Amino acid sequence: MSANIKLRLPDGSAQEHPAGTTPLEVALGISAGLARAAVGALVDGEPWDLGRELPDGEHEFTLVKFDDPEGKEFYWHTAAHVLATAVGRLFPEVRYGIGPAIDEGYYYDFLVDKPFTEDDLEAIEAEMVRIIKEDLPLEREVVDREAARAEMERRGEALKVELIDELPEDAVVSFYRDGDFVDLCKGPHLPSTGRLGVPKLLSVAGAYWRGDENRPMLSRIYGTAFPKKKQLEAYLERIEEAKRRDHRKLGKEMELFSVAEDHGPGMILYHPAGAVLFHEIERLAHAMYRERGYRLVRTPHIFRSDLWRTSGHYEHYRDKMFFARLEGDDADYAVKPMNCPGHVLIYDTGLHSYRELPYRIYEFGQVYRNELSGVLHGMLRVRGFTIDDAHIFCTPEQLGGEIEGVLAFVRDLFAVFGLPVRYTLSTRPEDSMGSDEIWESATAALRGALEHSSLDYDVDEGGGAFYGPKIDVHVTDALGREWQTSTCQADFNLPERFDLTYVGEDGARHRVVLVHRAILGSFERFIGVLIEHFAGDFPLWLAPEQLRVLPVADEFNDYARGVAARFAERGFRVSVDDSNRKLGARIAAAETAKVRYVAVVGAKEVEAGDINLRPHGEKPFNVSLQKALDELTRERDERLLIGRWS
RNA sequence: GCCCUCGUAGCUCAGUCGGUAGAGCACCUGCAUGGUAAGCAGGUGGUCACCAGUUCAAGUCUGGUCGAGGGCUCCA
């Protein structure tokens, strides 16, 4: 038999096989264990079914296991088919949407008269287990495009027909079949359902077909699956841990903030401890803005609507704006959803020489946007929030440098908190204003700045603001959801609308370029992310309560108050707990409240003139009062994430 | 906004078949004066989100309103 297939394996070795060999056979040739663990293969980087015959010729060949990223995708995608198969058996009238693998599992969307409820999940999951036991083979079948369309039409699968119609001209159309269930799918899949271990359905949700609220609402079932029960348990445990970090839960427990749900949904009420976070971050931000040549301004919360018409907000942003009308006055006022028009008015009060540019002004401006009720989420998505908002008016030549400066600012600020970030370049959306040339040059300026700064970034096509393209920065919350923080937007449109100019070297007026940018984004969202990032265990400079002094007994109360006073003199947030409880109970209370340091004082400490210091979650030790003062002052003032003792 | 779930004491939650409301923590009072994660006892605290309806009777059933939680393209 002639060897028609030559494979190069990742370890550098080469193998030859006869035509028609499958990856599973290759795996068996290496070891039985590998054949059991393999879930698919990569042939020249292309995902390949274990049971699908390899093409003739020479190929790079890799076997993929569940632990590989591609492996999880194969595995969960197959689990999604098993879910669809199970639903088809129990609810024969359903029609199918899509069912992809996602980061930590999979979902499948179904078109049904009556949406699924959580109570349905148990029965569906049981049916999935049955299908896995039946060990049905998943068979791949390449079909002619027209035949595929006809078959789906015959089955009444209108959504599948739509998907087929949208496939590119040259696409290979394939079906996968397990039992009675046939799905349009490019694969690959595990060879049979029996290769799946433990499935677990997690939740149901409504989801618009293709995410479009004008299309039908489908019923989505989310699930995950793992080879071993232990892995599933570890996954569920991780979800529980993430819930413990939830800023809404910690915000309540630590009395950081609340939302008066009946009186101001999406509006944050900062309690004293939470206001400390806001204030400390604000202080840091003010210092950083001043160092970078920004000047502070203040602007009103409402303006007459004519301003919003000129700015374009009335046309493009009205849905999210709150309006106010004065009694007995025809003038219509709008509450600001953005700070830019106010800042533009400041720039526009006089002539500006090119010598003054770049003209950078900033404000921690409070804005209101009427977000849909269903998207509100603790501090992370709100209706009233404070932006660290700045506008840079500059010449076209200065634009690239200004954007690079903003990117450096982002890097410096996030470094203080140790928060990892992801960059996105967002291009022109459908609802937008301005010419194509303007958009292209603005987008090029942003892209150039990202490249010069050597930053990795993704592109979000059509994700820009209505007046310009932007670079966004995203951070991740405890449950792995991404939230936008920083933004940097090049705008050639508002300068046109407001006829903003500067006087150039030549004495003539020239059009100014406007950069909108925020670094923290919104204080609310930033604080919410920080709560989850630190799980409430804030670094000393941010901690609402930095030190609590506990006298061992009443006779040491005076000494305790003296110690507290020494720290208070240095500006520390310090308290004394001389309440009528045993020391152990007071220690427990301080630990639960996540107080950064606890100082215990009793006879020994009075004698030695020192304190017994217990960093949050750590073992206590004795240290001289002076040394503690100096060390904690340093830890606070340098904004250390980890102190010498913590 | 739309789909599912939910709303009981300050917090976390129980409340059976429809029969007039319960626990732990917190808080207050007293006892106990204590050395590193929770001493003992007693007490206060509820328009069961709100509005209608069914019923002899509604926290419980039905409808509506308000609000919350999860989700609403990770692209066959």
# chains A, B, ... in the order shown; residues from 1 in each chain; ligands from 1
call {"tool": "residues_around", "arguments": {"residues": "C61 in chain B", "least_positions_apart": "5", "cutoff": "10 Å", "atoms": "only C-alpha atoms (C1' of nucleotides)", "output": "list of chain:residue names"}}
result
B:G18, B:U54, B:U55
call {"tool": "write_last_selection", "arguments": {"atoms": "C-alpha atoms (C1' of nucleotides)", "output": "PDB file, in the first residue's frame"}}
result
ATOM      1  C1'   G B  18     -54.949  29.526  51.365  1.00  0.00           C
ATOM      2  C1'   U B  54     -60.898  35.661  43.528  1.00  0.00           C
ATOM      3  C1'   U B  55     -62.253  33.771  48.510  1.00  0.00           C
TER       4        U B  55
END
call {"tool": "closest_atom_pairs", "arguments": {"of": "range 181-293 of chain A", "to": "range 8-13 of chain B", "cutoff": "12 Å", "atoms": "only C-alpha atoms (C1' of nucleotides)", "output": "JSON lines"}}
result
{"residue": "A:Lys249", "atom": "CA", "partner": "B:C11", "partner_atom": "C1'", "distance": 10.8}
{"residue": "A:Lys252", "atom": "CA", "partner": "B:C11", "partner_atom": "C1'", "distance": 8.7}
{"residue": "A:Glu253", "atom": "CA", "partner": "B:C11", "partner_atom": "C1'", "distance": 8.1}
{"residue": "A:Met254", "atom": "CA", "partner": "B:C11", "partner_atom": "C1'", "distance": 11.4}
{"residue": "A:Glu255", "atom": "CA", "partner": "B:C11", "partner_atom": "C1'", "distance": 11.2}
call {"tool": "residues_around", "arguments": {"residues": "Gly51 in chain A", "least_positions_apart": "6", "cutoff": "8 Å", "atoms": "only C-alpha atoms (C1' of nucleotides)", "output": "NGL selection string"}}
result
:A and (22-24 or 191)
call {"tool": "residues_around", "arguments": {"residues": "Leu34 in chain A", "least_positions_apart": "3", "cutoff": "12 Å", "atoms": "only C-alpha atoms (C1' of nucleotides)", "output": "count of residues only"}}
result
20
call {"tool": "closest_residue", "arguments": {"among": "A:Leu326, A:Val375, A:Ala490, A:Ile239", "to": "chain B", "atoms": "only C-alpha atoms (C1' of nucleotides)"}}
result
A:Val375
call {"tool": "atom_distance", "arguments": {"atom1": "CA of Val410 in chain A", "atom2": "CA of Lys594 in chain A"}}
result
28.8 Å
call {"tool": "atom_distance", "arguments": {"atom1": "CA of Gly405 in chain A", "atom2": "CA of Ser453 in chain A"}}
result
9.5 Å
call {"tool": "closest_atom_pairs", "arguments": {"of": "chain B", "to": "chain A", "cutoff": "7 Å", "atoms": "only C-alpha atoms (C1' of nucleotides)", "output": "tab-separated table"}}
result
residue	atom	partner	partner_atom	distance
B:G1	C1'	A:Leu372	CA	6.5
B:C3	C1'	A:Gly206	CA	3.7
B:C4	C1'	A:Ala205	CA	5.5
B:U33	C1'	A:Ala553	CA	6.1
B:G34	C1'	A:Lys582	CA	4.7
B:G35	C1'	A:Val552	CA	6.6
B:U36	C1'	A:Gly584	CA	6.0
B:A37	C1'	A:Ala588	CA	4.1
B:A38	C1'	A:Ala585	CA	4.7
B:C66	C1'	A:Asp262	CA	6.9
B:G67	C1'	A:Glu261	CA	5.9
B:G71	C1'	A:Ala205	CA	4.7
B:C72	C1'	A:Ala207	CA	4.1
B:U73	C1'	A:Arg210	CA	4.9
B:C74	C1'	A:Ile102	CA	5.3
B:A76	C1'	A:Cys185	CA	4.5
